[in-house]
file structure_9.csv (CSV, C-alpha atoms)
chain,number,residue,atom,x,y,z
A,1,MET,CA,100.7,119.5,123.6
A,2,GLN,CA,103.2,122.0,122.1
A,3,LEU,CA,102.7,123.7,118.8
A,4,HIS,CA,105.3,121.5,117.0
A,5,ASP,CA,103.3,118.5,118.1
A,6,VAL,CA,100.1,120.1,116.8
A,7,TRP,CA,101.7,120.7,113.4
A,8,PHE,CA,103.0,117.1,113.2
A,9,VAL,CA,99.4,116.0,113.6
A,10,LEU,CA,98.1,118.6,111.1
A,11,ILE,CA,100.7,117.5,108.5
A,12,ALA,CA,99.7,113.9,109.1
A,13,VAL,CA,96.1,114.8,108.5
A,14,LEU,CA,97.0,116.5,105.2
A,15,TRP,CA,98.9,113.5,104.0
A,16,ILE,CA,96.0,111.2,105.1
A,17,GLY,CA,93.6,113.4,103.2
A,18,TYR,CA,95.8,113.4,100.1
A,19,PHE,CA,96.1,109.6,100.1
A,20,PHE,CA,92.4,109.2,100.7
A,21,LEU,CA,91.5,111.4,97.8
A,22,GLU,CA,94.4,110.8,95.4
A,23,GLY,CA,94.3,107.1,96.2
A,24,PHE,CA,91.1,106.4,94.4
A,25,ASP,CA,92.2,109.0,91.8
A,26,PHE,CA,95.3,107.0,91.1
A,27,GLY,CA,93.3,103.8,91.2
A,28,ILE,CA,90.9,105.1,88.5
A,29,GLY,CA,93.9,106.0,86.3
A,30,ILE,CA,95.4,102.5,86.8
A,31,LEU,CA,92.1,100.8,86.0
A,32,THR,CA,91.7,102.6,82.6
A,33,LYS,CA,93.7,99.9,81.1
A,34,PRO,CA,92.6,96.6,82.7
A,35,LEU,CA,88.9,97.5,83.5
A,36,ALA,CA,87.7,99.6,80.5
A,37,ARG,CA,87.0,97.5,77.4
A,38,ASP,CA,86.8,100.3,74.9
A,39,THR,CA,87.2,104.1,74.4
A,40,ALA,CA,83.7,104.9,75.7
A,41,GLU,CA,84.4,103.0,79.0
A,42,ARG,CA,87.8,104.6,79.4
A,43,ARG,CA,86.0,108.0,79.0
A,44,VAL,CA,83.5,107.0,81.7
A,45,LEU,CA,86.3,106.2,84.1
A,46,ILE,CA,88.1,109.4,83.4
A,47,ASN,CA,84.8,111.3,83.8
A,48,THR,CA,84.3,109.9,87.3
A,49,ILE,CA,87.4,111.9,88.5
A,50,GLY,CA,87.2,114.7,85.9
A,51,PRO,CA,85.8,117.4,88.2
A,52,VAL,CA,88.0,116.5,91.2
A,53,TRP,CA,91.4,115.2,90.3
A,54,ASP,CA,93.1,118.6,90.4
A,55,GLY,CA,91.4,119.5,93.7
A,56,ASN,CA,92.7,116.3,95.2
A,57,GLU,CA,96.3,117.3,94.4
A,58,VAL,CA,95.8,120.5,96.4
A,59,TRP,CA,96.2,118.4,99.5
A,60,LEU,CA,99.7,117.4,98.3
A,61,LEU,CA,100.7,121.0,97.7
A,62,THR,CA,99.4,122.0,101.2
A,63,ALA,CA,101.2,119.1,102.9
A,64,GLY,CA,104.5,120.0,101.2
A,65,GLY,CA,104.1,123.7,102.0
A,66,ALA,CA,103.1,123.0,105.6
A,67,THR,CA,106.2,120.8,106.0
A,68,PHE,CA,108.4,123.5,104.6
A,69,ALA,CA,107.1,126.1,106.9
A,70,ALA,CA,106.6,124.1,110.1
A,71,PHE,CA,109.6,121.7,109.9
A,72,PRO,CA,112.2,123.2,107.5
A,73,ASP,CA,114.9,120.7,108.5
A,74,TRP,CA,112.6,117.8,107.8
A,75,TYR,CA,111.7,119.3,104.4
A,76,ALA,CA,115.3,119.9,103.5
A,77,THR,CA,116.5,116.5,104.4
A,78,LEU,CA,113.5,114.7,102.9
A,79,PHE,CA,113.5,116.5,99.5
A,80,SER,CA,117.3,116.4,99.1
A,81,GLY,CA,117.7,112.8,100.2
A,82,PHE,CA,114.7,111.5,98.3
A,83,TYR,CA,115.3,113.8,95.3
A,84,ILE,CA,115.1,111.2,92.5
A,85,PRO,CA,111.9,109.4,93.6
A,86,LEU,CA,110.2,112.7,94.4
A,87,LEU,CA,111.3,114.2,91.1
A,88,ILE,CA,109.9,111.2,89.3
A,89,ILE,CA,106.6,111.6,91.1
A,90,LEU,CA,106.5,115.3,90.3
A,91,VAL,CA,107.1,114.7,86.6
A,92,CYS,CA,104.4,112.0,86.6
A,93,LEU,CA,101.9,114.4,88.2
A,94,ILE,CA,102.7,117.1,85.6
A,95,VAL,CA,102.3,114.7,82.6
A,96,ARG,CA,99.2,113.2,84.2
A,97,GLY,CA,97.6,116.6,84.4
A,98,VAL,CA,98.5,117.4,80.8
A,99,ALA,CA,97.1,114.0,79.7
A,100,PHE,CA,93.7,114.7,81.2
A,101,GLU,CA,93.6,118.1,79.5
A,102,TYR,CA,95.1,117.2,76.1
A,103,ARG,CA,93.4,113.9,75.5
A,104,ALA,CA,90.3,115.6,74.2
A,105,LYS,CA,92.0,118.2,72.0
A,106,ARG,CA,92.1,116.0,69.0
A,107,SER,CA,89.7,113.2,67.8
A,108,ASP,CA,92.6,111.1,66.3
A,109,ALA,CA,92.5,107.6,67.9
A,110,ARG,CA,96.3,107.3,68.1
A,111,TRP,CA,96.6,110.7,69.9
A,112,GLN,CA,94.0,109.7,72.5
A,113,ARG,CA,95.5,106.2,73.0
A,114,ASN,CA,98.9,107.8,73.7
A,115,TRP,CA,97.4,110.1,76.4
A,116,GLU,CA,95.5,107.2,77.9
A,117,GLU,CA,98.7,105.3,78.1
A,118,ALA,CA,100.2,108.3,79.9
A,119,ILE,CA,97.3,108.4,82.3
A,120,PHE,CA,97.9,104.8,83.2
A,121,TRP,CA,101.6,104.9,83.8
A,122,THR,CA,101.6,108.3,85.6
A,123,SER,CA,99.0,106.9,88.0
A,124,LEU,CA,100.8,103.6,88.6
A,125,VAL,CA,104.3,105.0,89.2
A,126,PRO,CA,103.4,107.6,91.9
A,127,ALA,CA,101.1,105.1,93.6
A,128,PHE,CA,104.1,102.8,94.0
A,129,LEU,CA,106.7,105.4,94.8
A,130,TRP,CA,104.7,107.1,97.5
A,131,GLY,CA,104.7,103.8,99.4
A,132,VAL,CA,108.5,103.5,98.9
A,133,ALA,CA,109.1,107.0,100.2
A,134,PHE,CA,106.9,106.7,103.3
A,135,ALA,CA,108.2,103.3,104.2
A,136,ASN,CA,111.7,104.7,104.2
A,137,ILE,CA,110.7,107.6,106.3
A,138,VAL,CA,109.3,105.3,109.0
A,139,ARG,CA,112.1,102.7,108.7
A,140,GLY,CA,114.8,105.4,108.9
A,141,VAL,CA,117.6,106.4,106.5
A,142,ASP,CA,121.2,107.4,106.8
A,143,ILE,CA,121.2,110.8,108.3
A,144,ASP,CA,124.4,112.3,109.7
A,145,ALA,CA,125.0,114.7,112.6
A,146,HIS,CA,124.4,117.7,110.3
A,147,LYS,CA,120.9,116.5,109.3
A,148,ASN,CA,122.1,115.5,105.9
A,149,TYR,CA,121.1,112.3,104.1
A,150,VAL,CA,124.3,110.5,103.2
A,151,GLY,CA,122.9,107.3,101.7
A,152,THR,CA,122.3,106.6,98.0
A,153,PHE,CA,119.2,106.2,95.8
A,154,TRP,CA,119.7,102.4,95.8
A,155,ASP,CA,119.6,102.4,99.6
A,156,LEU,CA,115.9,103.5,99.3
A,157,LEU,CA,115.1,100.4,97.4
A,158,ASN,CA,115.3,98.0,100.4
A,159,PRO,CA,112.8,95.1,100.8
A,160,TYR,CA,110.7,96.9,103.4
A,161,ALA,CA,110.3,100.0,101.2
A,162,LEU,CA,109.5,98.0,98.1
A,163,LEU,CA,106.8,96.1,100.0
A,164,GLY,CA,105.5,99.5,101.1
A,165,GLY,CA,105.3,100.5,97.4
A,166,LEU,CA,103.4,97.3,96.5
A,167,VAL,CA,101.0,98.0,99.4
A,168,THR,CA,100.1,101.5,98.3
A,169,LEU,CA,99.8,100.4,94.7
A,170,SER,CA,97.4,97.6,95.5
A,171,LEU,CA,95.5,99.6,98.1
A,172,PHE,CA,95.0,102.6,95.8
A,173,THR,CA,93.9,100.3,93.0
A,174,PHE,CA,91.4,98.6,95.3
A,175,HIS,CA,90.2,102.0,96.5
A,176,GLY,CA,89.8,103.1,92.9
A,177,ALA,CA,87.9,100.0,91.9
A,178,VAL,CA,85.4,100.6,94.8
A,179,PHE,CA,85.0,104.2,93.7
A,180,ALA,CA,84.4,103.1,90.1
A,181,ALA,CA,81.7,100.7,91.3
A,182,LEU,CA,80.2,103.6,93.3
A,183,LYS,CA,80.2,106.1,90.4
A,184,THR,CA,79.3,104.0,87.3
A,185,VAL,CA,76.4,101.9,86.0
A,186,GLY,CA,76.1,98.9,83.7
A,187,GLY,CA,78.7,96.4,82.9
A,188,ILE,CA,81.6,98.5,84.0
A,189,ARG,CA,80.1,98.7,87.5
A,190,ASP,CA,79.8,94.9,87.7
A,191,ARG,CA,83.4,94.4,86.5
A,192,ALA,CA,84.6,97.1,89.0
A,193,ARG,CA,83.1,95.1,91.9
A,194,THR,CA,84.7,91.9,90.7
A,195,THR,CA,88.1,93.7,90.2
A,196,ALA,CA,87.8,95.2,93.7
A,197,LEU,CA,87.4,91.8,95.3
A,198,ARG,CA,90.3,90.3,93.4
A,199,VAL,CA,92.6,93.3,94.1
A,200,GLY,CA,91.4,93.5,97.7
A,201,ALA,CA,92.5,89.9,98.4
A,202,VAL,CA,96.0,90.7,97.2
A,203,THR,CA,96.0,94.0,99.1
A,204,ALA,CA,95.0,92.2,102.3
A,205,VAL,CA,98.0,89.9,102.2
A,206,LEU,CA,100.5,92.6,101.3
A,207,ALA,CA,99.1,95.1,103.8
A,208,LEU,CA,99.0,92.6,106.7
A,209,VAL,CA,102.6,91.7,106.2
A,210,PHE,CA,103.7,95.3,105.8
A,211,LEU,CA,101.8,96.6,108.8
A,212,ILE,CA,102.9,93.8,111.1
A,213,TRP,CA,106.5,94.4,110.0
A,214,THR,CA,106.0,98.1,110.8
A,215,GLN,CA,104.5,97.4,114.2
A,216,GLY,CA,107.4,95.1,115.0
A,217,HIS,CA,110.0,97.6,113.9
A,218,SER,CA,108.8,100.8,115.4
A,219,GLY,CA,105.2,100.4,116.6
A,220,ASN,CA,103.5,101.2,119.9
A,221,GLY,CA,100.1,100.9,121.4
A,222,ARG,CA,98.6,103.7,119.3
A,223,SER,CA,99.9,102.3,116.0
A,224,LEU,CA,98.7,98.8,117.0
A,225,ALA,CA,95.2,100.2,117.4
A,226,ALA,CA,95.4,101.8,113.9
A,227,LEU,CA,96.6,98.5,112.5
A,228,VAL,CA,93.6,96.7,113.9
A,229,VAL,CA,91.2,99.4,112.4
A,230,ALA,CA,92.9,99.1,109.0
A,231,VAL,CA,92.5,95.4,108.9
A,232,LEU,CA,88.9,95.4,110.0
A,233,ALA,CA,88.1,98.2,107.6
A,234,LEU,CA,89.6,96.4,104.7
A,235,ALA,CA,87.7,93.2,105.5
A,236,GLY,CA,84.5,95.3,105.8
A,237,ALA,CA,85.1,97.0,102.5
A,238,MET,CA,85.5,93.6,100.8
A,239,ALA,CA,82.3,92.3,102.5
A,240,ALA,CA,80.3,95.4,101.5
A,241,THR,CA,81.6,95.1,97.9
A,242,ARG,CA,80.5,91.5,97.7
A,243,LEU,CA,77.0,92.5,98.9
A,244,GLY,CA,76.8,95.3,96.4
A,245,ARG,CA,76.8,98.1,99.0
A,246,GLU,CA,79.1,100.4,97.1
A,247,GLY,CA,78.6,103.4,99.4
A,248,TRP,CA,79.7,101.5,102.5
A,249,ALA,CA,82.5,99.8,100.6
A,250,PHE,CA,83.9,103.2,99.6
A,251,VAL,CA,83.6,104.5,103.2
A,252,LEU,CA,85.4,101.4,104.5
A,253,SER,CA,88.1,101.4,101.8
A,254,GLY,CA,88.7,105.0,102.6
A,255,ALA,CA,88.9,104.1,106.3
A,256,THR,CA,91.5,101.5,105.4
A,257,VAL,CA,93.7,104.2,103.7
A,258,VAL,CA,93.2,106.6,106.7
A,259,ALA,CA,94.0,104.0,109.3
A,260,ALA,CA,97.0,102.6,107.4
A,261,VAL,CA,98.6,106.0,106.9
A,262,ALA,CA,97.7,107.1,110.4
A,263,MET,CA,99.6,104.0,111.7
A,264,LEU,CA,102.7,105.1,109.9
A,265,PHE,CA,102.7,108.5,111.5
A,266,LEU,CA,101.8,107.1,114.9
A,267,ALA,CA,104.8,104.7,114.6
A,268,LEU,CA,107.0,107.6,113.5
A,269,PHE,CA,106.2,110.1,116.3
A,270,PRO,CA,108.1,111.9,117.9
A,271,ASN,CA,110.6,111.4,115.1
A,272,VAL,CA,110.0,112.9,111.6
A,273,MET,CA,113.0,111.1,110.0
A,274,PRO,CA,114.8,108.6,112.1
A,275,SER,CA,118.6,108.1,111.5
A,276,THR,CA,119.8,104.6,111.0
A,277,LEU,CA,123.4,105.8,111.8
A,278,ASN,CA,122.8,107.2,115.3
A,279,ASP,CA,119.5,107.7,117.2
A,280,GLY,CA,120.8,111.0,118.4
A,281,TRP,CA,121.0,112.3,114.8
A,282,SER,CA,117.3,111.6,114.1
A,283,LEU,CA,115.1,114.5,113.1
A,284,THR,CA,112.3,115.0,115.6
A,285,VAL,CA,109.3,117.3,116.0
A,286,GLY,CA,111.5,119.3,118.4
A,287,ASN,CA,114.8,119.7,116.6
A,288,ALA,CA,113.3,120.0,113.1
A,289,ALA,CA,110.6,122.6,113.9
A,290,SER,CA,110.4,126.3,113.0
A,291,SER,CA,110.3,129.0,115.7
A,292,PRO,CA,107.2,129.1,118.0
A,293,TYR,CA,106.2,132.5,116.5
A,294,THR,CA,106.1,130.9,113.0
A,295,LEU,CA,104.1,128.0,114.2
A,296,LYS,CA,101.7,130.3,116.0
A,297,LEU,CA,101.1,132.4,112.9
A,298,MET,CA,100.6,129.3,110.8
A,299,THR,CA,98.1,128.0,113.2
A,300,ILE,CA,96.0,131.2,113.0
A,301,VAL,CA,96.0,131.1,109.2
A,302,ALA,CA,95.2,127.4,109.1
A,303,ALA,CA,92.2,127.9,111.5
A,304,VAL,CA,90.7,130.5,109.1
A,305,PHE,CA,91.2,128.9,105.7
A,306,THR,CA,91.1,125.2,106.3
A,307,PRO,CA,87.3,125.1,106.9
A,308,LEU,CA,86.7,127.1,103.7
A,309,VAL,CA,88.8,124.7,101.6
A,310,LEU,CA,87.0,121.7,103.1
A,311,LEU,CA,83.5,123.2,102.5
A,312,TYR,CA,84.4,124.0,98.8
A,313,GLN,CA,85.8,120.6,98.1
A,314,GLY,CA,82.8,118.9,99.8
A,315,TRP,CA,80.5,121.0,97.7
A,316,THR,CA,82.3,119.9,94.5
A,317,TYR,CA,81.9,116.2,95.4
A,318,TRP,CA,78.2,116.8,96.1
A,319,VAL,CA,77.5,118.5,92.8
A,320,PHE,CA,79.2,115.7,90.8
A,321,ARG,CA,77.8,112.8,92.9
A,322,LYS,CA,75.7,111.1,90.3
A,323,ARG,CA,76.6,107.8,88.6
A,324,ILE,CA,77.6,107.7,84.9
A,325,GLY,CA,77.8,105.1,82.2
A,326,VAL,CA,78.5,104.7,78.5
A,327,GLN,CA,74.8,105.7,77.8
A,328,HIS,CA,75.7,109.2,79.1
A,329,ILE,CA,78.4,109.6,76.5
A,330,PRO,CA,76.6,111.3,73.5
A,331,GLY,CA,77.0,108.9,70.5
A,332,HIS,CA,79.9,107.3,72.4
A,333,ASP,CA,82.0,110.1,70.9
A,334,PRO,CA,85.6,109.6,72.2
A,335,ALA,CA,86.3,113.3,72.1
A,336,GLY,CA,86.0,115.4,75.3
A,337,ALA,CA,87.4,113.0,77.9
A,338,LEU,CA,86.7,115.4,80.7
A,339,ASP,CA,83.2,116.5,79.6
A,340,GLN,CA,80.8,115.7,82.4
A,341,ALA,CA,77.6,113.8,81.8
call {"tool": "encode", "arguments": {"input": "structure_9.csv", "output": "structure tokens"}}
result
Amino acid sequence: MQLHDVWFVLIAVLWIGYFFLEGFDFGIGILTKPLARDTAERRVLINTIGPVWDGNEVWLLTAGGATFAAFPDWYATLFSGFYIPLLIILVCLIVRGVAFEYRAKRSDARWQRNWEEAIFWTSLVPAFLWGVAFANIVRGVDIDAHKNYVGTFWDLLNPYALLGGLVTLSLFTFHGAVFAALKTVGGIRDRARTTALRVGAVTAVLALVFLIWTQGHSGNGRSLAALVVAVLALAGAMAATRLGREGWAFVLSGATVVAAVAMLFLALFPNVMPSTLNDGWSLTVGNAASSPYTLKLMTIVAAVFTPLVLLYQGWTYWVFRKRIGVQHIPGHDPAGALDQA
């Protein structure tokens, strides 16, 4: 295996880690509207991700930076061709971070409702657009002989990509509901389990159609194996949720995200962005990669710092592992949305 193959795998792992972590993060944000019944319950939901949401986004920054350094042509074509959806995602992530921090700055009910509304929409929109973006990457887009995207924004909104967006939206919401059941107590925990079962049923239908479509379009033996794992993990997550085994449910819902995203990368390889105009114009791990020296230097740096980052983030989740409920909100005071119980 050559270094550019290794870095394709590493970038896939970074994206898988991002969607695993930010998936339930987005799901919690989406559920602040339909699941929480009052301000105290919305605060509980926000508190479940309060210590970790910003750390989860580090995976996105690392994935983007690694793509820029290891596959500059892939980065250039992707970020120029998908400029509008990626800009929308970036704006949403900025506003979302501000909403988490600013919601508690004033006790005014209208001020807090507005920021809660922002948290909902800036969680929902990226959850959908990430699916649209990655579905287009796997499907292929209009890339010319000069590695430039020559299509339009509307070309990205094709039926396959829109279905991909619905899959990530529903899957992340399901993942978030399972996480909410794992991290809360009382009535909100029971409703989170019920919501997870309902959303999970919708997710199962959408994901099955999308993954089979992907397998038929560009799949192989490895991607088929990942498809089977994703389906079995989703079924297991729903069964564990029904039995009240939230720990296992979260592990299996996470495995569903991991297997589904892994399938996309397995179906994509050795391409990184297929061209629908001419197969010879597709970007591959070979023609889009940096020099061997650059990849070698990146490998050394990654080998040193990646374990440290994983240890720190794992420690953060361990410290904030306890369940919370409205009884842990002093006086049900709506201020201080990110104060930890």
call {"tool": "residues_near_point", "arguments": {"input": "structure_9.csv", "point": "(109.8, 126.9, 104.0)", "cutoff": "12 Å", "atoms": "only C-alpha atoms", "output": "MDAnalysis selection string"}}
result
chainID A and resid 62:76 79 288:291 294:295 298
call {"tool": "residues_near_point", "arguments": {"input": "structure_9.csv", "point": "(104.4, 118.8, 113.2)", "cutoff": "8 Å", "atoms": "all atoms listed in the file", "output": "list of chain:residue names"}}
result
A:Leu3, A:His4, A:Asp5, A:Val6, A:Trp7, A:Phe8, A:Val9, A:Leu10, A:Ile11, A:Ala12, A:Thr67, A:Ala70, A:Phe71, A:Val285, A:Ala289
call {"tool": "atom_distance", "arguments": {"input": "structure_9.csv", "atom1": "CA of His175 (chain A)", "atom2": "CA of Pro159 (chain A)"}}
result
24.0 Å
call {"tool": "residues_around", "arguments": {"input": "structure_9.csv", "residues": "region 233-246 of chain A", "least_positions_apart": "3", "cutoff": "7 Å", "atoms": "only C-alpha atoms", "output": "MDAnalysis selection string"}}
result
chainID A and resid 178 181:182 193 197 200 229:230 249:250 252:253 255:256
call {"tool": "closest_residue", "arguments": {"input": "structure_9.csv", "among": "A:Gln112, A:Asn287, A:Thr203, A:Gln2", "to": "Arg43 (chain A)", "atoms": "only C-alpha atoms"}}
result
A:Gln112
call {"tool": "atom_distance", "arguments": {"input": "structure_9.csv", "atom1": "CA of Ile324 (chain A)", "atom2": "CA of Gly254 (chain A)"}}
result
21.1 Å
call {"tool": "residues_around", "arguments": {"input": "structure_9.csv", "residues": "region 140-155 of chain A", "least_positions_apart": "3", "cutoff": "10 Å", "atoms": "all atoms listed in the file", "output": "compact mmCIF listing (two decimals) with C-alpha atoms, in the frame of the given file"}}
result
# COMPACT_ATOMS: atom_id res chain seq x y z
CA ASP A 73 114.90 120.70 108.50
CA TRP A 74 112.60 117.80 107.80
CA ALA A 76 115.30 119.90 103.50
CA THR A 77 116.50 116.50 104.40
CA LEU A 78 113.50 114.70 102.90
CA PHE A 79 113.50 116.50 99.50
CA SER A 80 117.30 116.40 99.10
CA GLY A 81 117.70 112.80 100.20
CA PHE A 82 114.70 111.50 98.30
CA TYR A 83 115.30 113.80 95.30
CA ILE A 84 115.10 111.20 92.50
CA PRO A 85 111.90 109.40 93.60
CA PHE A 134 106.90 106.70 103.30
CA ALA A 135 108.20 103.30 104.20
CA ASN A 136 111.70 104.70 104.20
CA ILE A 137 110.70 107.60 106.30
CA ASN A 158 115.30 98.00 100.40
CA ALA A 161 110.30 100.00 101.20
CA SER A 218 108.80 100.80 115.40
CA LEU A 268 107.00 107.60 113.50
CA ASN A 271 110.60 111.40 115.10
CA VAL A 272 110.00 112.90 111.60
CA MET A 273 113.00 111.10 110.00
CA PRO A 274 114.80 108.60 112.10
CA SER A 275 118.60 108.10 111.50
CA THR A 276 119.80 104.60 111.00
CA LEU A 277 123.40 105.80 111.80
CA ASN A 278 122.80 107.20 115.30
CA ASP A 279 119.50 107.70 117.20
CA GLY A 280 120.80 111.00 118.40
CA TRP A 281 121.00 112.30 114.80
CA SER A 282 117.30 111.60 114.10
CA LEU A 283 115.10 114.50 113.10
CA ALA A 288 113.30 120.00 113.10
call {"tool": "residues_around", "arguments": {"input": "structure_9.csv", "residues": "Glu57 (chain A)", "least_positions_apart": "5", "cutoff": "9 Å", "atoms": "only C-alpha atoms", "output": "JSON, numbers by chain"}}
result
{"A": [18, 21, 22, 52, 62, 93]}
call {"tool": "residues_around", "arguments": {"input": "structure_9.csv", "residues": "Val44 (chain A)", "least_positions_apart": "2", "cutoff": "8 Å", "atoms": "only C-alpha atoms", "output": "PDB file with C-alpha atoms, keeping the file's coordinate frame"}}
result
ATOM      1  CA  ALA A  40      83.700 104.900  75.700  1.00  0.00           C
ATOM      2  CA  GLU A  41      84.400 103.000  79.000  1.00  0.00           C
ATOM      3  CA  ARG A  42      87.800 104.600  79.400  1.00  0.00           C
ATOM      4  CA  ILE A  46      88.100 109.400  83.400  1.00  0.00           C
ATOM      5  CA  ASN A  47      84.800 111.300  83.800  1.00  0.00           C
ATOM      6  CA  THR A  48      84.300 109.900  87.300  1.00  0.00           C
ATOM      7  CA  THR A 184      79.300 104.000  87.300  1.00  0.00           C
ATOM      8  CA  ILE A 324      77.600 107.700  84.900  1.00  0.00           C
ATOM      9  CA  GLY A 325      77.800 105.100  82.200  1.00  0.00           C
ATOM     10  CA  VAL A 326      78.500 104.700  78.500  1.00  0.00           C
ATOM     11  CA  ILE A 329      78.400 109.600  76.500  1.00  0.00           C
TER      12      ILE A 329
END
call {"tool": "closest_residue", "arguments": {"input": "structure_9.csv", "among": "A:Met1, A:Ala303, A:Val258, A:Val228", "to": "Gly17 (chain A)", "atoms": "all atoms listed in the file"}}
result
A:Val258
call {"tool": "atom_distance", "arguments": {"input": "structure_9.csv", "atom1": "CA of Val125 (chain A)", "atom2": "CA of Ile89 (chain A)"}}
result
7.2 Å
call {"tool": "closest_residue", "arguments": {"input": "structure_9.csv", "among": "A:Ala262, A:Trp59, A:Gly131, A:Tyr293", "to": "Ala225 (chain A)", "atoms": "all atoms listed in the file"}}
result
A:Ala262
call {"tool": "residues_around", "arguments": {"input": "structure_9.csv", "residues": "Leu35 (chain A)", "least_positions_apart": "4", "cutoff": "10 Å", "atoms": "only C-alpha atoms", "output": "PDB file with C-alpha atoms, in the coordinates of the input"}}
result
ATOM      1  CA  ILE A  28      90.900 105.100  88.500  1.00  0.00           C
ATOM      2  CA  ILE A  30      95.400 102.500  86.800  1.00  0.00           C
ATOM      3  CA  LEU A  31      92.100 100.800  86.000  1.00  0.00           C
ATOM      4  CA  GLU A  41      84.400 103.000  79.000  1.00  0.00           C
ATOM      5  CA  ARG A  42      87.800 104.600  79.400  1.00  0.00           C
ATOM      6  CA  LEU A  45      86.300 106.200  84.100  1.00  0.00           C
ATOM      7  CA  ALA A 177      87.900 100.000  91.900  1.00  0.00           C
ATOM      8  CA  ALA A 180      84.400 103.100  90.100  1.00  0.00           C
ATOM      9  CA  ILE A 188      81.600  98.500  84.000  1.00  0.00           C
ATOM     10  CA  ARG A 189      80.100  98.700  87.500  1.00  0.00           C
ATOM     11  CA  ARG A 191      83.400  94.400  86.500  1.00  0.00           C
ATOM     12  CA  ALA A 192      84.600  97.100  89.000  1.00  0.00           C
ATOM     13  CA  THR A 195      88.100  93.700  90.200  1.00  0.00           C
TER      14      THR A 195
END
call {"tool": "closest_residue", "arguments": {"input": "structure_9.csv", "among": "A:Trp115, A:Phe174, A:Trp130, A:Trp121", "to": "Leu156 (chain A)", "atoms": "all atoms listed in the file"}}
result
A:Trp130
call {"tool": "closest_residue", "arguments": {"input": "structure_9.csv", "among": "A:Val132, A:Ile119, A:Val185, A:Ala201", "to": "Leu169 (chain A)", "atoms": "only C-alpha atoms"}}
result
A:Val132
call {"tool": "build_atoms", "arguments": {"input": "structure_9.csv", "residues": "region 95-106 of chain A", "atoms": "N, CA, C and O atoms", "output": "compact mmCIF listing (two decimals), keeping the file's coordinate frame"}}
result
# COMPACT_ATOMS: atom_id res chain seq x y z
N VAL A 95 102.77 115.36 83.89
CA VAL A 95 102.30 114.70 82.60
C VAL A 95 100.90 114.21 82.77
O VAL A 95 100.12 114.29 81.82
N ARG A 96 100.54 113.72 83.95
CA ARG A 96 99.20 113.20 84.20
C ARG A 96 98.16 114.34 83.99
O ARG A 96 97.12 114.15 83.35
N GLY A 97 98.46 115.51 84.57
CA GLY A 97 97.60 116.60 84.40
C GLY A 97 97.42 117.07 82.94
O GLY A 97 96.32 117.35 82.46
N VAL A 98 98.55 117.08 82.23
CA VAL A 98 98.50 117.40 80.80
C VAL A 98 97.72 116.39 80.03
O VAL A 98 96.94 116.72 79.12
N ALA A 99 97.86 115.11 80.40
CA ALA A 99 97.10 114.00 79.70
C ALA A 99 95.63 114.20 79.83
O ALA A 99 94.88 114.04 78.86
N PHE A 100 95.17 114.51 81.04
CA PHE A 100 93.70 114.70 81.20
C PHE A 100 93.22 115.87 80.35
O PHE A 100 92.13 115.79 79.78
N GLU A 101 94.01 116.94 80.26
CA GLU A 101 93.60 118.10 79.50
C GLU A 101 93.72 117.97 78.01
O GLU A 101 92.89 118.47 77.25
N TYR A 102 94.76 117.29 77.57
CA TYR A 102 95.10 117.20 76.10
C TYR A 102 94.44 116.08 75.41
O TYR A 102 94.35 116.10 74.18
N ARG A 103 94.00 115.05 76.13
CA ARG A 103 93.40 113.90 75.50
C ARG A 103 92.29 114.25 74.54
O ARG A 103 92.14 113.69 73.44
N ALA A 104 91.47 115.20 74.94
CA ALA A 104 90.30 115.60 74.20
C ALA A 104 90.53 116.61 73.10
O ALA A 104 89.60 117.00 72.39
N LYS A 105 91.76 117.07 72.97
CA LYS A 105 92.00 118.20 72.00
C LYS A 105 91.97 117.75 70.58
O LYS A 105 91.80 118.59 69.70
N ARG A 106 92.15 116.46 70.33
CA ARG A 106 92.10 116.00 69.00
C ARG A 106 91.26 114.67 68.95
O ARG A 106 91.29 113.91 69.93
